[in-house]
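For reference, the structure discussed in these notes is given below.
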2 protein chains.
Amino acid sequence: MARRKDHTHDEIRSLALEAMQQHLQQQPADTMSLRKLAQAIGYSPATLINVFGSYDHLLLSVSAITLDRLAQQLAHHAATELSPLQRLHSFGKTYLQFARQNPYCWQLLFEHRLPDGDEIPDWQQQRIDQLFAIIEQALAELSPDAENVRQAARTIWASVHGICTLSLNDKLFADHLSNADSMIESLIHHYINSWSR
Amino acid sequence: MARRKDHTHDEIRSLALEAMQQHLQQQPADTMSLRKLAQAIGYSPATLINVFGSYDHLLLSVSAITLDRLAQQLAHHAATELSPLQRLHSFGKTYLQFARQNPYCWQLLFEHRLPDGDEIPDWQQQRIDQLFAIIEQALAELSPDAENVRQAARTIWASVHGICTLSLNDKLFADHLSNADSMIESLIHHYINSWSR
DNA sequence: ACCTGAACACCGTTCAAGT
DNA sequence: ACCTGAACACCGTTCAAGT
């Protein structure tokens, strides 16, 4: 058949990741497949398996990019001239906004699991640690107790995350569509109000 | 081939749902399939499609049962002789415990989405409303403001849910394994502490 | 009327064979 | 060495044909 070899390994990587991300702007991950993706970039399914190891690892690479984009937006909106409390509210707002603007990337990031014994790579966890750092920094300015800060940061993140998840999946059963925003505000306001006392 | 007809429609329903639930005690939903399930109960895949409409609707029926089991446990542990605050803590604790004891049922319940335009049936939403009622009842005893109660109930539920989700998926990156418990306690304590003031 | 075998249009992955 | 066609072992769903 037609030999390709027009691209290096890394170029094929980029082509595939780009095509997948473009798909995720419109449709959920499970409407794409290795075969469709391969056809979209003009290579065979087997080539993509060669490059990424498996379709699951291809999806994991997309999630890594999503995590980077999320981290970038969060860092950008948490400008240090804001007060700690303002930064926390900004974190929640930006997190929800990102989830809304990238629903299918976001779903993939948090719902895709590697099969069986495959472990989440270290570089993926390091990315998450960076997100926690934003919250922890703000909290540290509100309370000196380090261990408390670790737990409070995780509690706030997970709570904000839960509100976003259920909001995206329409499982909040709230009256107004915009309720997730005020729920996050309410959460951060009340939690910090008591926690930082 | 061998005619079955040994069972009524409803009996086939039960057989399939039972077999799926048994599978979910050990393995995630995506390791089962319509074909395997059909074979497990001695019918053809097409029969299950006849009975449930589609494999997706079969999975939805399993989730309905899961939701009922969850509601039952929550109601059981929220005995009215406890104080409102105690009942809220009991809710969080029971919710996490259920998620831990039924990880694959729980994942299916919250991650499975019907394709495209299929709406979540009314009877499923009614089940969720019952869960909110438990929280709302406790909150109502702490504050008279009805609209506030609705939002606070949803905020607390979604937050507890988020902590459970991330804990189950090992995405909390916490030091101790038992941290989800104390995070939920922290969340409810601080939120209510400020909210009910 | 109820059930299903066979067909249909797909999957991800492997690997011998081609260039 | 790099890539892939074809094969393998699966999917969910449909429907004509059997009882």
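Ligands are numbered from 1 in the order shown, residues from 1 within each chain, and chains are lettered A, B, ... in the order they appear in the structure tokens.
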
- [ ] Do me a favour and pick out the residues of chain C within 9 Å of chain B, using only C-alpha atoms (C1' of nucleotides), as an MDAnalysis selection string.
- [x] chainID C and resid 2:5

Once you have the residues from the selection above, write them out as an mmCIF file, in the first residue's frame, restricted to C-alpha atoms (C1' of nucleotides).
data_model
loop_
_atom_site.group_PDB
_atom_site.id
_atom_site.type_symbol
_atom_site.label_atom_id
_atom_site.label_comp_id
_atom_site.auth_asym_id
_atom_site.auth_seq_id
_atom_site.Cartn_x
_atom_site.Cartn_y
_atom_site.Cartn_z
ATOM 1 C "C1'" DC C 2 -41.724 -15.502 21.504
ATOM 2 C "C1'" DC C 3 -37.106 -16.351 20.733
ATOM 3 C "C1'" DT C 4 -32.816 -16.547 18.162
ATOM 4 C "C1'" DG C 5 -29.085 -17.669 14.420
#

TODO: For chain A, list the residues within 9 Å of chain B, counting only C-alpha atoms, and write the list as an MDAnalysis selection string.
DONE: chainID A and resid 110:111 113 125 128:129 150:152 154:167 169 171:174 179:180 182:184 186:195

Residues from the last selection, C-alpha atoms, saved as a compact mmCIF listing (two decimals), in the first residue's frame:
# COMPACT_ATOMS: atom_id res chain seq x y z
CA PHE A 110 -11.54 12.13 35.37
CA GLU A 111 -13.42 9.08 34.17
CA ARG A 113 -9.09 4.59 33.98
CA GLN A 125 0.47 13.06 39.65
CA ILE A 128 -2.09 17.46 40.06
CA ASP A 129 0.25 18.47 42.85
CA ARG A 150 -2.97 19.96 53.22
CA GLN A 151 -6.29 18.50 54.25
CA ALA A 152 -8.27 21.68 53.74
CA ARG A 154 -7.90 18.56 49.32
CA THR A 155 -11.30 19.02 50.87
CA ILE A 156 -11.97 22.21 48.96
CA TRP A 157 -10.69 20.83 45.68
CA ALA A 158 -12.69 17.63 45.94
CA SER A 159 -15.82 19.55 46.89
CA VAL A 160 -15.51 21.99 44.03
CA HIS A 161 -14.81 19.03 41.79
CA GLY A 162 -17.95 17.26 42.97
CA ILE A 163 -20.13 20.27 42.26
CA CYS A 164 -18.64 20.52 38.78
CA THR A 165 -19.11 16.83 38.07
CA LEU A 166 -22.73 16.72 39.08
CA SER A 167 -23.45 20.01 37.37
CA ASN A 169 -23.92 15.55 34.27
CA LYS A 171 -27.35 15.40 38.38
CA LEU A 172 -27.74 18.36 40.67
CA PHE A 173 -31.41 18.68 39.85
CA ALA A 174 -31.23 22.31 40.68
CA ASN A 179 -26.64 27.19 40.41
CA ALA A 180 -23.28 25.50 40.32
CA SER A 182 -23.41 29.97 43.60
CA MET A 183 -22.95 26.55 45.18
CA ILE A 184 -19.20 26.84 44.78
CA SER A 186 -21.36 29.15 49.09
CA LEU A 187 -19.04 26.25 49.72
CA ILE A 188 -15.85 28.29 49.79
CA HIS A 189 -17.41 31.14 51.72
CA HIS A 190 -18.76 29.01 54.53
CA TYR A 191 -15.90 26.54 54.72
CA ILE A 192 -13.26 29.23 54.92
CA ASN A 193 -15.39 31.36 57.19
CA SER A 194 -15.29 28.64 59.81
CA TRP A 195 -11.94 27.08 58.95

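Atom CA of Pro28 of chain B lies 23.2 Å from atom CA of Asp118 of chain B.
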
When DSSP works through the backbone of this structure, what residues of segment 6-197 of chain B end up as helix (DSSP H, G or I), shown as a short mmCIF file (atom, residue, chain, number, x, y, z; two decimals) with N, CA and C atoms, in the first residue's frame?
data_model
loop_
_atom_site.label_atom_id
_atom_site.label_comp_id
_atom_site.auth_asym_id
_atom_site.auth_seq_id
_atom_site.Cartn_x
_atom_site.Cartn_y
_atom_site.Cartn_z
N HIS B 9 -41.05 -12.71 31.17
CA HIS B 9 -40.27 -11.50 30.93
C HIS B 9 -39.64 -10.98 32.21
N ASP B 10 -40.46 -10.89 33.25
CA ASP B 10 -39.98 -10.34 34.52
C ASP B 10 -38.91 -11.22 35.15
N GLU B 11 -39.05 -12.51 34.93
CA GLU B 11 -38.03 -13.41 35.49
C GLU B 11 -36.69 -13.24 34.75
N ILE B 12 -36.79 -13.05 33.45
CA ILE B 12 -35.56 -12.79 32.68
C ILE B 12 -34.93 -11.48 33.15
N ARG B 13 -35.77 -10.47 33.38
CA ARG B 13 -35.28 -9.20 33.94
C ARG B 13 -34.46 -9.45 35.20
N SER B 14 -35.07 -10.16 36.12
CA SER B 14 -34.41 -10.43 37.40
C SER B 14 -33.12 -11.20 37.22
N LEU B 15 -33.16 -12.21 36.37
CA LEU B 15 -31.96 -13.01 36.14
C LEU B 15 -30.82 -12.13 35.65
N ALA B 16 -31.12 -11.28 34.68
CA ALA B 16 -30.08 -10.43 34.10
C ALA B 16 -29.55 -9.42 35.11
N LEU B 17 -30.46 -8.77 35.82
CA LEU B 17 -30.04 -7.75 36.79
C LEU B 17 -29.22 -8.39 37.91
N GLU B 18 -29.65 -9.56 38.34
CA GLU B 18 -28.93 -10.27 39.39
C GLU B 18 -27.52 -10.63 38.92
N ALA B 19 -27.43 -11.14 37.71
CA ALA B 19 -26.12 -11.55 37.18
C ALA B 19 -25.20 -10.34 37.03
N MET B 20 -25.76 -9.22 36.59
CA MET B 20 -24.94 -8.02 36.42
C MET B 20 -24.45 -7.52 37.78
N GLN B 21 -25.34 -7.51 38.76
CA GLN B 21 -24.94 -7.04 40.08
C GLN B 21 -23.87 -7.93 40.69
N GLN B 22 -24.02 -9.21 40.46
CA GLN B 22 -23.01 -10.13 40.98
C GLN B 22 -21.65 -9.84 40.34
N HIS B 23 -21.68 -9.56 39.05
CA HIS B 23 -20.43 -9.20 38.37
C HIS B 23 -19.83 -7.93 38.95
N LEU B 24 -20.68 -6.96 39.25
CA LEU B 24 -20.20 -5.66 39.74
C LEU B 24 -19.64 -5.75 41.16
N ALA B 29 -17.98 -2.33 35.33
CA ALA B 29 -19.03 -2.59 34.36
C ALA B 29 -18.49 -2.89 32.96
N ASP B 30 -17.37 -2.25 32.62
CA ASP B 30 -16.93 -2.41 31.23
C ASP B 30 -16.21 -3.73 30.98
N THR B 31 -16.12 -4.59 31.99
CA THR B 31 -15.60 -5.93 31.74
C THR B 31 -16.76 -6.91 31.50
N LEU B 34 -23.14 -7.35 26.95
CA LEU B 34 -24.46 -7.92 26.69
C LEU B 34 -24.36 -9.40 26.35
N ARG B 35 -23.39 -9.74 25.52
CA ARG B 35 -23.26 -11.12 25.09
C ARG B 35 -22.88 -12.06 26.23
N LYS B 36 -21.92 -11.61 27.06
CA LYS B 36 -21.52 -12.44 28.20
C LYS B 36 -22.68 -12.62 29.17
N LEU B 37 -23.38 -11.51 29.41
CA LEU B 37 -24.49 -11.54 30.35
C LEU B 37 -25.57 -12.50 29.85
N ALA B 38 -25.87 -12.42 28.57
CA ALA B 38 -26.87 -13.31 27.98
C ALA B 38 -26.46 -14.77 28.16
N GLN B 39 -25.19 -15.02 27.89
CA GLN B 39 -24.72 -16.40 28.03
C GLN B 39 -24.81 -16.87 29.48
N ALA B 40 -24.50 -15.95 30.41
CA ALA B 40 -24.51 -16.30 31.82
C ALA B 40 -25.89 -16.75 32.29
N ILE B 41 -26.93 -16.20 31.70
CA ILE B 41 -28.28 -16.57 32.13
C ILE B 41 -28.96 -17.50 31.13
N PRO B 45 -28.37 -12.77 23.28
CA PRO B 45 -28.28 -11.31 23.39
C PRO B 45 -29.57 -10.62 22.94
N ALA B 46 -30.14 -11.12 21.86
CA ALA B 46 -31.33 -10.49 21.31
C ALA B 46 -32.50 -10.50 22.30
N THR B 47 -32.58 -11.55 23.12
CA THR B 47 -33.65 -11.61 24.11
C THR B 47 -33.53 -10.47 25.12
N LEU B 48 -32.29 -10.23 25.56
CA LEU B 48 -32.09 -9.14 26.53
C LEU B 48 -32.42 -7.79 25.91
N ILE B 49 -32.12 -7.65 24.63
CA ILE B 49 -32.50 -6.40 23.96
C ILE B 49 -34.02 -6.27 23.91
N ASN B 50 -34.68 -7.37 23.65
CA ASN B 50 -36.15 -7.37 23.68
C ASN B 50 -36.68 -6.89 25.02
N VAL B 51 -36.11 -7.44 26.09
CA VAL B 51 -36.64 -7.18 27.43
C VAL B 51 -36.31 -5.77 27.91
N PHE B 52 -35.07 -5.33 27.69
CA PHE B 52 -34.63 -4.05 28.26
C PHE B 52 -34.63 -2.90 27.24
N TYR B 55 -28.79 -2.43 25.77
CA TYR B 55 -27.86 -2.73 26.85
C TYR B 55 -27.72 -1.54 27.79
N ASP B 56 -27.76 -0.33 27.24
CA ASP B 56 -27.68 0.87 28.07
C ASP B 56 -28.84 0.94 29.06
N HIS B 57 -30.02 0.56 28.62
CA HIS B 57 -31.15 0.61 29.54
C HIS B 57 -31.09 -0.50 30.58
N LEU B 58 -30.47 -1.60 30.22
CA LEU B 58 -30.22 -2.64 31.22
C LEU B 58 -29.32 -2.08 32.33
N LEU B 59 -28.25 -1.39 31.91
CA LEU B 59 -27.33 -0.81 32.89
C LEU B 59 -28.03 0.25 33.74
N LEU B 60 -28.92 1.00 33.12
CA LEU B 60 -29.68 2.00 33.87
C LEU B 60 -30.55 1.34 34.93
N SER B 61 -31.11 0.20 34.62
CA SER B 61 -31.93 -0.51 35.60
C SER B 61 -31.09 -0.97 36.79
N VAL B 62 -29.87 -1.39 36.51
CA VAL B 62 -28.97 -1.75 37.61
C VAL B 62 -28.70 -0.54 38.49
N SER B 63 -28.49 0.62 37.86
CA SER B 63 -28.22 1.83 38.62
C SER B 63 -29.42 2.23 39.47
N ALA B 64 -30.60 1.97 38.97
CA ALA B 64 -31.79 2.28 39.77
C ALA B 64 -31.79 1.46 41.05
N ILE B 65 -31.42 0.20 40.93
CA ILE B 65 -31.34 -0.65 42.12
C ILE B 65 -30.27 -0.15 43.07
N THR B 66 -29.13 0.23 42.51
CA THR B 66 -28.05 0.77 43.33
C THR B 66 -28.52 1.99 44.12
N LEU B 67 -29.22 2.87 43.42
CA LEU B 67 -29.72 4.09 44.06
C LEU B 67 -30.68 3.74 45.19
N ASP B 68 -31.51 2.74 44.98
CA ASP B 68 -32.42 2.31 46.04
C ASP B 68 -31.67 1.77 47.24
N ARG B 69 -30.64 0.98 46.98
CA ARG B 69 -29.86 0.43 48.09
C ARG B 69 -29.18 1.54 48.86
N LEU B 70 -28.63 2.51 48.12
CA LEU B 70 -27.98 3.65 48.77
C LEU B 70 -28.97 4.42 49.62
N ALA B 71 -30.14 4.72 49.05
CA ALA B 71 -31.15 5.48 49.78
C ALA B 71 -31.57 4.76 51.05
N GLN B 72 -31.68 3.45 50.94
CA GLN B 72 -32.09 2.66 52.09
C GLN B 72 -31.07 2.76 53.23
N GLN B 73 -29.80 2.61 52.88
CA GLN B 73 -28.75 2.70 53.90
C GLN B 73 -28.70 4.09 54.52
N LEU B 74 -28.85 5.12 53.68
CA LEU B 74 -28.79 6.48 54.19
C LEU B 74 -29.94 6.75 55.15
N ALA B 75 -31.12 6.32 54.76
CA ALA B 75 -32.29 6.54 55.61
C ALA B 75 -32.13 5.78 56.93
N HIS B 76 -31.58 4.58 56.82
CA HIS B 76 -31.42 3.74 58.00
C HIS B 76 -30.47 4.37 59.03
N HIS B 77 -29.42 5.01 58.51
CA HIS B 77 -28.41 5.58 59.41
C HIS B 77 -28.73 7.00 59.85
N PRO B 84 -29.68 17.18 64.20
CA PRO B 84 -29.51 17.49 62.77
C PRO B 84 -28.06 17.39 62.33
N LEU B 85 -27.15 17.94 63.08
CA LEU B 85 -25.73 17.91 62.71
C LEU B 85 -25.21 16.48 62.69
N GLN B 86 -25.61 15.71 63.67
CA GLN B 86 -25.19 14.30 63.71
C GLN B 86 -25.71 13.54 62.50
N ARG B 87 -26.94 13.88 62.10
CA ARG B 87 -27.51 13.20 60.94
C ARG B 87 -26.75 13.54 59.67
N LEU B 88 -26.30 14.79 59.58
CA LEU B 88 -25.51 15.18 58.41
C LEU B 88 -24.19 14.41 58.38
N HIS B 89 -23.55 14.32 59.51
CA HIS B 89 -22.29 13.56 59.57
C HIS B 89 -22.54 12.09 59.24
N SER B 90 -23.64 11.59 59.74
CA SER B 90 -23.99 10.20 59.44
C SER B 90 -24.22 10.00 57.94
N PHE B 91 -24.85 10.99 57.33
CA PHE B 91 -25.07 10.94 55.88
C PHE B 91 -23.75 10.81 55.14
N GLY B 92 -22.83 11.70 55.47
CA GLY B 92 -21.53 11.68 54.79
C GLY B 92 -20.79 10.38 54.99
N LYS B 93 -20.81 9.91 56.21
CA LYS B 93 -20.10 8.67 56.55
C LYS B 93 -20.70 7.48 55.81
N THR B 94 -22.01 7.41 55.81
CA THR B 94 -22.69 6.29 55.15
C THR B 94 -22.50 6.34 53.64
N TYR B 95 -22.54 7.55 53.11
CA TYR B 95 -22.36 7.72 51.67
C TYR B 95 -20.98 7.20 51.24
N LEU B 96 -19.96 7.58 51.99
CA LEU B 96 -18.60 7.13 51.67
C LEU B 96 -18.48 5.62 51.84
N GLN B 97 -19.06 5.13 52.91
CA GLN B 97 -19.00 3.69 53.17
C GLN B 97 -19.66 2.89 52.05
N PHE B 98 -20.79 3.39 51.59
CA PHE B 98 -21.48 2.70 50.49
C PHE B 98 -20.62 2.69 49.22
N ALA B 99 -20.03 3.84 48.94
CA ALA B 99 -19.17 3.94 47.74
C ALA B 99 -18.01 2.97 47.83
N ARG B 100 -17.44 2.84 49.02
CA ARG B 100 -16.30 1.93 49.21
C ARG B 100 -16.71 0.48 49.09
N GLN B 101 -17.90 0.18 49.60
CA GLN B 101 -18.33 -1.21 49.60
C GLN B 101 -18.89 -1.65 48.26
N PRO B 103 -17.94 -0.22 44.94
CA PRO B 103 -17.26 0.72 44.03
C PRO B 103 -17.73 0.62 42.59
N TYR B 104 -17.98 -0.57 42.10
CA TYR B 104 -18.31 -0.71 40.69
C TYR B 104 -19.76 -0.36 40.40
N CYS B 105 -20.65 -0.69 41.34
CA CYS B 105 -22.03 -0.24 41.22
C CYS B 105 -22.08 1.29 41.25
N TRP B 106 -21.28 1.84 42.13
CA TRP B 106 -21.26 3.28 42.33
C TRP B 106 -20.73 4.01 41.10
N GLN B 107 -19.65 3.47 40.55
CA GLN B 107 -19.10 4.05 39.32
C GLN B 107 -20.11 4.00 38.19
N LEU B 108 -20.78 2.88 38.08
CA LEU B 108 -21.78 2.74 37.02
C LEU B 108 -22.88 3.77 37.20
N LEU B 109 -23.34 3.91 38.43
CA LEU B 109 -24.42 4.85 38.73
C LEU B 109 -24.10 6.26 38.29
N PHE B 110 -22.87 6.69 38.54
CA PHE B 110 -22.56 8.11 38.30
C PHE B 110 -21.81 8.38 37.01
N GLU B 111 -21.27 7.35 36.38
CA GLU B 111 -20.51 7.60 35.16
C GLU B 111 -21.24 7.15 33.90
N ASP B 122 -37.97 9.79 34.77
CA ASP B 122 -38.48 10.48 35.95
C ASP B 122 -38.27 9.67 37.23
N TRP B 123 -38.51 8.37 37.14
CA TRP B 123 -38.41 7.57 38.36
C TRP B 123 -37.00 7.60 38.93
N GLN B 124 -36.01 7.88 38.06
CA GLN B 124 -34.65 7.96 38.55
C GLN B 124 -34.43 9.27 39.31
N GLN B 125 -34.98 10.35 38.79
CA GLN B 125 -34.84 11.62 39.48
C GLN B 125 -35.60 11.61 40.80
N GLN B 126 -36.73 10.97 40.82
CA GLN B 126 -37.50 10.90 42.08
C GLN B 126 -36.70 10.22 43.18
N ARG B 127 -35.92 9.21 42.77
CA ARG B 127 -35.08 8.53 43.75
C ARG B 127 -34.05 9.49 44.35
N ILE B 128 -33.45 10.32 43.49
CA ILE B 128 -32.45 11.26 43.98
C ILE B 128 -33.09 12.29 44.90
N ASP B 129 -34.29 12.72 44.56
CA ASP B 129 -34.98 13.69 45.40
C ASP B 129 -35.14 13.17 46.83
N GLN B 130 -35.36 11.87 46.93
CA GLN B 130 -35.48 11.27 48.27
C GLN B 130 -34.20 11.45 49.09
N LEU B 131 -33.05 11.33 48.39
CA LEU B 131 -31.79 11.51 49.10
C LEU B 131 -31.66 12.95 49.60
N PHE B 132 -31.99 13.89 48.72
CA PHE B 132 -31.91 15.29 49.12
C PHE B 132 -32.80 15.55 50.33
N ALA B 133 -33.93 14.87 50.36
CA ALA B 133 -34.88 15.10 51.45
C ALA B 133 -34.24 14.84 52.81
N ILE B 134 -33.37 13.83 52.87
CA ILE B 134 -32.71 13.53 54.14
C ILE B 134 -31.88 14.71 54.61
N ILE B 135 -31.09 15.25 53.69
CA ILE B 135 -30.26 16.40 54.05
C ILE B 135 -31.11 17.62 54.33
N GLU B 136 -32.09 17.85 53.47
CA GLU B 136 -32.91 19.05 53.62
C GLU B 136 -33.65 19.05 54.96
N GLN B 137 -34.10 17.89 55.38
CA GLN B 137 -34.80 17.80 56.65
C GLN B 137 -33.89 18.25 57.80
N ALA B 138 -32.66 17.75 57.77
CA ALA B 138 -31.70 18.12 58.82
C ALA B 138 -31.40 19.61 58.77
N LEU B 139 -31.20 20.12 57.56
CA LEU B 139 -30.87 21.54 57.41
C LEU B 139 -32.03 22.43 57.84
N ALA B 140 -33.23 21.99 57.53
CA ALA B 140 -34.41 22.80 57.86
C ALA B 140 -34.52 23.01 59.36
N ALA B 146 -36.09 28.53 53.42
CA ALA B 146 -36.33 27.37 52.55
C ALA B 146 -35.39 27.34 51.34
N GLU B 147 -35.25 28.44 50.66
CA GLU B 147 -34.42 28.45 49.44
C GLU B 147 -32.97 28.16 49.80
N ASN B 148 -32.53 28.74 50.89
CA ASN B 148 -31.20 28.45 51.40
C ASN B 148 -30.99 26.97 51.63
N VAL B 149 -32.00 26.33 52.18
CA VAL B 149 -31.92 24.91 52.49
C VAL B 149 -31.73 24.08 51.23
N ARG B 150 -32.47 24.40 50.21
CA ARG B 150 -32.32 23.69 48.93
C ARG B 150 -30.89 23.76 48.42
N GLN B 151 -30.36 24.96 48.40
CA GLN B 151 -29.02 25.13 47.84
C GLN B 151 -27.97 24.48 48.74
N ALA B 152 -28.12 24.66 50.04
CA ALA B 152 -27.14 24.09 50.97
C ALA B 152 -27.14 22.56 50.87
N ALA B 153 -28.31 21.98 50.74
CA ALA B 153 -28.39 20.52 50.63
C ALA B 153 -27.65 20.04 49.40
N ARG B 154 -27.85 20.74 48.30
CA ARG B 154 -27.17 20.34 47.07
C ARG B 154 -25.67 20.56 47.15
N THR B 155 -25.28 21.63 47.81
CA THR B 155 -23.86 21.92 47.97
C THR B 155 -23.19 20.83 48.80
N ILE B 156 -23.81 20.47 49.90
CA ILE B 156 -23.23 19.46 50.77
C ILE B 156 -23.17 18.11 50.06
N TRP B 157 -24.25 17.75 49.40
CA TRP B 157 -24.27 16.46 48.74
C TRP B 157 -23.20 16.39 47.66
N ALA B 158 -23.14 17.42 46.83
CA ALA B 158 -22.16 17.41 45.74
C ALA B 158 -20.74 17.38 46.28
N SER B 159 -20.51 18.06 47.38
CA SER B 159 -19.16 18.10 47.96
C SER B 159 -18.78 16.74 48.52
N VAL B 160 -19.67 16.16 49.29
CA VAL B 160 -19.42 14.81 49.81
C VAL B 160 -19.20 13.85 48.64
N HIS B 161 -20.01 14.00 47.63
CA HIS B 161 -19.88 13.15 46.45
C HIS B 161 -18.51 13.31 45.79
N GLY B 162 -18.05 14.53 45.69
CA GLY B 162 -16.74 14.78 45.08
C GLY B 162 -15.63 14.12 45.86
N ILE B 163 -15.69 14.23 47.17
CA ILE B 163 -14.66 13.59 48.01
C ILE B 163 -14.69 12.08 47.81
N CYS B 164 -15.87 11.51 47.74
CA CYS B 164 -15.99 10.07 47.52
C CYS B 164 -15.43 9.67 46.16
N THR B 165 -15.80 10.41 45.13
CA THR B 165 -15.33 10.10 43.77
C THR B 165 -13.82 10.06 43.71
N LEU B 166 -13.22 11.14 44.16
CA LEU B 166 -11.77 11.25 44.06
C LEU B 166 -11.08 10.23 44.96
N SER B 167 -11.67 9.98 46.10
CA SER B 167 -11.10 8.97 47.00
C SER B 167 -11.12 7.60 46.34
N LEU B 168 -12.24 7.25 45.74
CA LEU B 168 -12.37 5.94 45.11
C LEU B 168 -11.41 5.78 43.94
N ASN B 179 -8.17 9.31 54.78
CA ASN B 179 -8.38 10.75 54.80
C ASN B 179 -9.74 11.20 54.33
N ALA B 180 -10.35 10.42 53.46
CA ALA B 180 -11.65 10.82 52.94
C ALA B 180 -12.64 10.99 54.09
N ASP B 181 -12.56 10.12 55.06
CA ASP B 181 -13.45 10.23 56.23
C ASP B 181 -13.30 11.58 56.92
N SER B 182 -12.05 11.95 57.21
CA SER B 182 -11.87 13.20 57.95
C SER B 182 -12.13 14.41 57.07
N MET B 183 -11.94 14.25 55.76
CA MET B 183 -12.27 15.36 54.87
C MET B 183 -13.76 15.64 54.87
N ILE B 184 -14.54 14.58 54.86
CA ILE B 184 -16.00 14.77 54.90
C ILE B 184 -16.43 15.38 56.22
N GLU B 185 -15.82 14.89 57.30
CA GLU B 185 -16.13 15.48 58.60
C GLU B 185 -15.78 16.97 58.63
N SER B 186 -14.60 17.27 58.12
CA SER B 186 -14.15 18.66 58.08
C SER B 186 -15.11 19.52 57.26
N LEU B 187 -15.47 18.99 56.11
CA LEU B 187 -16.38 19.73 55.22
C LEU B 187 -17.69 20.06 55.91
N ILE B 188 -18.33 19.05 56.46
CA ILE B 188 -19.64 19.26 57.08
C ILE B 188 -19.52 20.16 58.31
N HIS B 189 -18.50 19.88 59.11
CA HIS B 189 -18.32 20.68 60.32
C HIS B 189 -18.21 22.17 60.00
N HIS B 190 -17.26 22.48 59.10
CA HIS B 190 -17.01 23.90 58.83
C HIS B 190 -18.14 24.55 58.06
N TYR B 191 -18.69 23.84 57.09
CA TYR B 191 -19.78 24.44 56.30
C TYR B 191 -20.97 24.77 57.18
N ILE B 192 -21.36 23.80 57.98
CA ILE B 192 -22.53 24.02 58.85
C ILE B 192 -22.22 25.05 59.93
N ASN B 193 -21.01 25.00 60.42
CA ASN B 193 -20.60 25.94 61.46
C ASN B 193 -20.84 27.38 61.02
N SER B 194 -20.53 27.67 59.79
CA SER B 194 -20.72 29.02 59.27
C SER B 194 -22.15 29.23 58.76
N TRP B 195 -22.65 28.23 58.09
CA TRP B 195 -23.96 28.37 57.43
C TRP B 195 -25.11 28.54 58.43
#

- [ ] Would you work out the distance separating atom C1' of DC10 of chain D from atom CA of Gly117 of chain B, expressed in Å to one decimal?
- [x] 27.7 Å
